[in-house]
Amino acid sequence: MAHQWWAHQVIGARMQGMTVPVETLAQYSALMVMEKQFGPEKMRRFLKYELDRYLQSRGGELIEELPLMLVEDQPYIHYRKGSVVMYALKDLIGEDKVNLALRNFLAKWAFKSAPFPTSQDLVDEFRAVALPEHQQMITDWFEKITLYDVRVTGATAVPAGDGYDATPEIAAEQR
């Protein structure tokens, strides 16, 4: 239903990234329905599946992987990576701000004839509602191909009630 809802309102300009305003946003809408129905824990499991499938698919790419904003006929990017990126964006700037950006995007582009919006127009709406400290992450997630090497380097645990309070030490590097 989300695919119909987005595609009947907004059609992307015929250029790189044209599937983002419909396909990626439809995935995000479906994620939000799933989260409300099944809860955040099930969403994390589903997003891990999406991330694993994205990473698996990029390993078999025959031409070259493109950034999300420039995706061309690569469903593993606009669906799988798009799911992970949009959910991370929601976590980063907040669901209210993502929804505001989407409302603003629709207010400008819904039911319009040519010229049609680009993925840059959508990213500009996210940037407009995000704080300055979030701009680099938006660049990394939409305009670049960025992977992170995250690992637990240690942990401490202290008794607390019937169990323990554990604090992991985490190292993260951008690749």
# chains A, B, ... in the order shown; residues from 1 in each chain; ligands from 1
>>> select_by_dssp(residues="range 32-122 of chain A", states="alpha helix (DSSP H)", output="MDAnalysis selection string")
chainID A and resid 32:38 40:59 75 82:93 95:109 119:122
>>> select_by_dssp(residues="range 34-170 of chain A", states="strand (DSSP E or B)", output="JSON, numbers by chain")
{"A": [148, 149, 150, 151, 152, 153, 154, 155, 156, 157, 158, 159, 160, 163, 164, 165, 166, 167, 168, 169, 170]}
>>> write_last_selection(atoms="C-alpha atoms", output="PDB file, in the first residue's frame")
ATOM      1  CA  TYR A 148      31.280   1.383   9.805  1.00  0.00           C
ATOM      2  CA  ASP A 149      33.563  -1.036  11.608  1.00  0.00           C
ATOM      3  CA  VAL A 150      31.992  -1.374  15.069  1.00  0.00           C
ATOM      4  CA  ARG A 151      33.309  -3.705  17.738  1.00  0.00           C
ATOM      5  CA  VAL A 152      33.096  -4.252  21.474  1.00  0.00           C
ATOM      6  CA  THR A 153      36.557  -3.756  22.973  1.00  0.00           C
ATOM      7  CA  GLY A 154      35.657  -4.436  26.591  1.00  0.00           C
ATOM      8  CA  ALA A 155      32.912  -4.388  29.169  1.00  0.00           C
ATOM      9  CA  THR A 156      32.314  -3.873  32.847  1.00  0.00           C
ATOM     10  CA  ALA A 157      29.529  -5.355  34.933  1.00  0.00           C
ATOM     11  CA  VAL A 158      28.408  -4.507  38.454  1.00  0.00           C
ATOM     12  CA  PRO A 159      25.834  -6.370  40.521  1.00  0.00           C
ATOM     13  CA  ALA A 160      22.427  -4.697  40.499  1.00  0.00           C
ATOM     14  CA  GLY A 163      21.248  -9.197  37.823  1.00  0.00           C
ATOM     15  CA  TYR A 164      23.991  -6.924  36.588  1.00  0.00           C
ATOM     16  CA  ASP A 165      24.349  -3.518  34.990  1.00  0.00           C
ATOM     17  CA  ALA A 166      26.700  -3.988  32.065  1.00  0.00           C
ATOM     18  CA  THR A 167      28.519  -1.199  30.244  1.00  0.00           C
ATOM     19  CA  PRO A 168      30.231  -2.101  26.972  1.00  0.00           C
ATOM     20  CA  GLU A 169      33.238  -0.258  25.585  1.00  0.00           C
ATOM     21  CA  ILE A 170      32.708   0.236  21.877  1.00  0.00           C
TER      22      ILE A 170
END
>>> residues_around(residues="Lys112 in chain A", least_positions_apart="4", cutoff="10 Å", atoms="only C-alpha atoms", output="JSON, numbers by chain")
{"A": [9, 10, 11, 106, 107, 108, 116, 117]}
>>> residues_around(residues="Glu143 in chain A", least_positions_apart="3", cutoff="9 Å", atoms="only C-alpha atoms", output="NGL selection string")
:A and (66-70 or 138-140)
>>> write_last_selection(atoms="N, CA and C atoms", output="compact mmCIF listing (two decimals), in the first residue's frame")
# COMPACT_ATOMS: atom_id res chain seq x y z
N LEU A 66 26.33 2.49 -6.14
CA LEU A 66 26.15 3.93 -6.13
C LEU A 66 25.62 4.37 -4.77
N PRO A 67 25.89 5.62 -4.39
CA PRO A 67 25.28 6.13 -3.16
C PRO A 67 23.75 6.09 -3.28
N LEU A 68 23.09 6.02 -2.14
CA LEU A 68 21.62 5.96 -2.13
C LEU A 68 21.02 7.06 -2.98
N MET A 69 21.52 8.26 -2.86
CA MET A 69 20.97 9.41 -3.58
C MET A 69 21.08 9.28 -5.10
N LEU A 70 21.99 8.43 -5.58
CA LEU A 70 22.22 8.29 -7.02
C LEU A 70 21.87 6.91 -7.56
N ILE A 138 23.95 12.87 7.35
CA ILE A 138 23.08 12.88 6.18
C ILE A 138 23.93 12.75 4.91
N THR A 139 25.04 13.47 4.87
CA THR A 139 25.96 13.35 3.74
C THR A 139 26.46 11.92 3.61
N ASP A 140 26.93 11.36 4.71
CA ASP A 140 27.49 10.00 4.68
C ASP A 140 26.45 8.97 4.24
>>> atom_distance(atom1="CA of Arg175 in chain A", atom2="CA of Gln16 in chain A")
24.1 Å
>>> closest_residue(among="A:Phe46, A:Tyr79, A:Tyr54, A:Trp141", to="Gln27 in chain A", atoms="only C-alpha atoms")
A:Tyr79
>>> closest_residue(among="A:Met15, A:Ala110, A:Leu25, A:Met1", to="Val123 in chain A", atoms="only C-alpha atoms")
A:Leu25
>>> closest_residue(among="A:Arg45, A:Arg58, A:His78, A:His3", to="Thr19 in chain A", atoms="only C-alpha atoms")
A:His78
>>> decode(residues="range 128-166 of chain A", atoms="N, CA and C atoms", output="PDB file, in the first residue's frame")
ATOM      1  N   ALA A 128      17.000  20.457   6.013  1.00  0.00           N
ATOM      2  CA  ALA A 128      16.328  21.663   6.515  1.00  0.00           C
ATOM      3  C   ALA A 128      15.797  21.477   7.940  1.00  0.00           C
ATOM      4  N   VAL A 129      15.449  20.259   8.319  1.00  0.00           N
ATOM      5  CA  VAL A 129      14.898  20.027   9.656  1.00  0.00           C
ATOM      6  C   VAL A 129      15.929  19.465  10.633  1.00  0.00           C
ATOM      7  N   ALA A 130      17.093  19.080  10.128  1.00  0.00           N
ATOM      8  CA  ALA A 130      18.124  18.490  10.972  1.00  0.00           C
ATOM      9  C   ALA A 130      19.015  19.564  11.578  1.00  0.00           C
ATOM     10  N   LEU A 131      19.568  19.252  12.720  1.00  0.00           N
ATOM     11  CA  LEU A 131      20.499  20.157  13.387  1.00  0.00           C
ATOM     12  C   LEU A 131      21.846  20.162  12.665  1.00  0.00           C
ATOM     13  N   PRO A 132      22.651  21.202  12.866  1.00  0.00           N
ATOM     14  CA  PRO A 132      23.965  21.266  12.208  1.00  0.00           C
ATOM     15  C   PRO A 132      24.840  20.032  12.477  1.00  0.00           C
ATOM     16  N   GLU A 133      24.779  19.499  13.680  1.00  0.00           N
ATOM     17  CA  GLU A 133      25.624  18.343  13.993  1.00  0.00           C
ATOM     18  C   GLU A 133      25.175  17.058  13.299  1.00  0.00           C
ATOM     19  N   HIS A 134      24.022  17.080  12.644  1.00  0.00           N
ATOM     20  CA  HIS A 134      23.533  15.902  11.923  1.00  0.00           C
ATOM     21  C   HIS A 134      23.813  15.958  10.420  1.00  0.00           C
ATOM     22  N   GLN A 135      24.268  17.081   9.939  1.00  0.00           N
ATOM     23  CA  GLN A 135      24.455  17.259   8.496  1.00  0.00           C
ATOM     24  C   GLN A 135      25.463  16.274   7.903  1.00  0.00           C
ATOM     25  N   GLN A 136      26.559  16.011   8.616  1.00  0.00           N
ATOM     26  CA  GLN A 136      27.578  15.097   8.086  1.00  0.00           C
ATOM     27  C   GLN A 136      27.037  13.677   7.963  1.00  0.00           C
ATOM     28  N   MET A 137      26.223  13.272   8.913  1.00  0.00           N
ATOM     29  CA  MET A 137      25.642  11.926   8.824  1.00  0.00           C
ATOM     30  C   MET A 137      24.705  11.825   7.623  1.00  0.00           C
ATOM     31  N   ILE A 138      23.953  12.874   7.352  1.00  0.00           N
ATOM     32  CA  ILE A 138      23.081  12.878   6.175  1.00  0.00           C
ATOM     33  C   ILE A 138      23.928  12.754   4.912  1.00  0.00           C
ATOM     34  N   THR A 139      25.036  13.470   4.870  1.00  0.00           N
ATOM     35  CA  THR A 139      25.960  13.351   3.736  1.00  0.00           C
ATOM     36  C   THR A 139      26.462  11.919   3.606  1.00  0.00           C
ATOM     37  N   ASP A 140      26.935  11.356   4.714  1.00  0.00           N
ATOM     38  CA  ASP A 140      27.486   9.998   4.678  1.00  0.00           C
ATOM     39  C   ASP A 140      26.451   8.972   4.240  1.00  0.00           C
ATOM     40  N   TRP A 141      25.235   9.096   4.730  1.00  0.00           N
ATOM     41  CA  TRP A 141      24.224   8.082   4.452  1.00  0.00           C
ATOM     42  C   TRP A 141      23.589   8.199   3.075  1.00  0.00           C
ATOM     43  N   PHE A 142      23.401   9.415   2.575  1.00  0.00           N
ATOM     44  CA  PHE A 142      22.718   9.598   1.293  1.00  0.00           C
ATOM     45  C   PHE A 142      23.663   9.842   0.123  1.00  0.00           C
ATOM     46  N   GLU A 143      24.736  10.559   0.354  1.00  0.00           N
ATOM     47  CA  GLU A 143      25.585  11.014  -0.744  1.00  0.00           C
ATOM     48  C   GLU A 143      26.868  10.214  -0.918  1.00  0.00           C
ATOM     49  N   LYS A 144      27.189   9.372   0.036  1.00  0.00           N
ATOM     50  CA  LYS A 144      28.409   8.568  -0.015  1.00  0.00           C
ATOM     51  C   LYS A 144      28.062   7.104   0.229  1.00  0.00           C
ATOM     52  N   ILE A 145      29.041   6.270   0.055  1.00  0.00           N
ATOM     53  CA  ILE A 145      28.933   4.873   0.448  1.00  0.00           C
ATOM     54  C   ILE A 145      29.802   4.750   1.685  1.00  0.00           C
ATOM     55  N   THR A 146      29.156   4.682   2.832  1.00  0.00           N
ATOM     56  CA  THR A 146      29.878   4.675   4.095  1.00  0.00           C
ATOM     57  C   THR A 146      29.530   3.416   4.876  1.00  0.00           C
ATOM     58  N   LEU A 147      30.552   2.706   5.279  1.00  0.00           N
ATOM     59  CA  LEU A 147      30.383   1.545   6.139  1.00  0.00           C
ATOM     60  C   LEU A 147      31.121   1.816   7.439  1.00  0.00           C
ATOM     61  N   TYR A 148      30.681   1.178   8.499  1.00  0.00           N
ATOM     62  CA  TYR A 148      31.280   1.383   9.805  1.00  0.00           C
ATOM     63  C   TYR A 148      31.809   0.060  10.333  1.00  0.00           C
ATOM     64  N   ASP A 149      32.988   0.104  10.930  1.00  0.00           N
ATOM     65  CA  ASP A 149      33.563  -1.036  11.608  1.00  0.00           C
ATOM     66  C   ASP A 149      33.316  -0.810  13.097  1.00  0.00           C
ATOM     67  N   VAL A 150      32.375  -1.541  13.666  1.00  0.00           N
ATOM     68  CA  VAL A 150      31.992  -1.374  15.069  1.00  0.00           C
ATOM     69  C   VAL A 150      32.320  -2.660  15.804  1.00  0.00           C
ATOM     70  N   ARG A 151      32.984  -2.526  16.954  1.00  0.00           N
ATOM     71  CA  ARG A 151      33.309  -3.705  17.738  1.00  0.00           C
ATOM     72  C   ARG A 151      33.302  -3.378  19.230  1.00  0.00           C
ATOM     73  N   VAL A 152      33.035  -4.380  20.021  1.00  0.00           N
ATOM     74  CA  VAL A 152      33.096  -4.252  21.474  1.00  0.00           C
ATOM     75  C   VAL A 152      34.543  -4.536  21.872  1.00  0.00           C
ATOM     76  N   THR A 153      35.160  -3.595  22.575  1.00  0.00           N
ATOM     77  CA  THR A 153      36.557  -3.756  22.973  1.00  0.00           C
ATOM     78  C   THR A 153      36.703  -4.135  24.440  1.00  0.00           C
ATOM     79  N   GLY A 154      35.627  -4.076  25.185  1.00  0.00           N
ATOM     80  CA  GLY A 154      35.657  -4.436  26.591  1.00  0.00           C
ATOM     81  C   GLY A 154      34.305  -4.203  27.208  1.00  0.00           C
ATOM     82  N   ALA A 155      34.180  -4.592  28.470  1.00  0.00           N
ATOM     83  CA  ALA A 155      32.912  -4.388  29.169  1.00  0.00           C
ATOM     84  C   ALA A 155      33.158  -4.460  30.665  1.00  0.00           C
ATOM     85  N   THR A 156      32.305  -3.773  31.392  1.00  0.00           N
ATOM     86  CA  THR A 156      32.314  -3.873  32.847  1.00  0.00           C
ATOM     87  C   THR A 156      30.906  -4.235  33.290  1.00  0.00           C
ATOM     88  N   ALA A 157      30.836  -4.964  34.402  1.00  0.00           N
ATOM     89  CA  ALA A 157      29.529  -5.355  34.933  1.00  0.00           C
ATOM     90  C   ALA A 157      29.574  -5.214  36.448  1.00  0.00           C
ATOM     91  N   VAL A 158      28.516  -4.652  36.997  1.00  0.00           N
ATOM     92  CA  VAL A 158      28.408  -4.507  38.454  1.00  0.00           C
ATOM     93  C   VAL A 158      27.075  -5.104  38.895  1.00  0.00           C
ATOM     94  N   PRO A 159      27.089  -5.789  40.032  1.00  0.00           N
ATOM     95  CA  PRO A 159      25.834  -6.370  40.521  1.00  0.00           C
ATOM     96  C   PRO A 159      24.765  -5.287  40.729  1.00  0.00           C
ATOM     97  N   ALA A 160      23.553  -5.621  40.346  1.00  0.00           N
ATOM     98  CA  ALA A 160      22.427  -4.697  40.499  1.00  0.00           C
ATOM     99  C   ALA A 160      21.165  -5.515  40.669  1.00  0.00           C
ATOM    100  N   GLY A 161      20.612  -5.509  41.864  1.00  0.00           N
ATOM    101  CA  GLY A 161      19.378  -6.265  42.107  1.00  0.00           C
ATOM    102  C   GLY A 161      19.578  -7.736  41.860  1.00  0.00           C
ATOM    103  N   ASP A 162      18.723  -8.300  41.007  1.00  0.00           N
ATOM    104  CA  ASP A 162      18.808  -9.724  40.685  1.00  0.00           C
ATOM    105  C   ASP A 162      19.753 -10.030  39.535  1.00  0.00           C
ATOM    106  N   GLY A 163      20.384  -8.996  38.984  1.00  0.00           N
ATOM    107  CA  GLY A 163      21.248  -9.197  37.823  1.00  0.00           C
ATOM    108  C   GLY A 163      22.460  -8.289  37.863  1.00  0.00           C
ATOM    109  N   TYR A 164      22.825  -7.783  36.721  1.00  0.00           N
ATOM    110  CA  TYR A 164      23.991  -6.924  36.588  1.00  0.00           C
ATOM    111  C   TYR A 164      23.656  -5.735  35.698  1.00  0.00           C
ATOM    112  N   ASP A 165      24.347  -4.634  35.930  1.00  0.00           N
ATOM    113  CA  ASP A 165      24.349  -3.518  34.990  1.00  0.00           C
ATOM    114  C   ASP A 165      25.636  -3.631  34.205  1.00  0.00           C
ATOM    115  N   ALA A 166      25.523  -3.823  32.921  1.00  0.00           N
ATOM    116  CA  ALA A 166      26.700  -3.988  32.065  1.00  0.00           C
ATOM    117  C   ALA A 166      26.904  -2.737  31.228  1.00  0.00           C
TER     118      ALA A 166
END
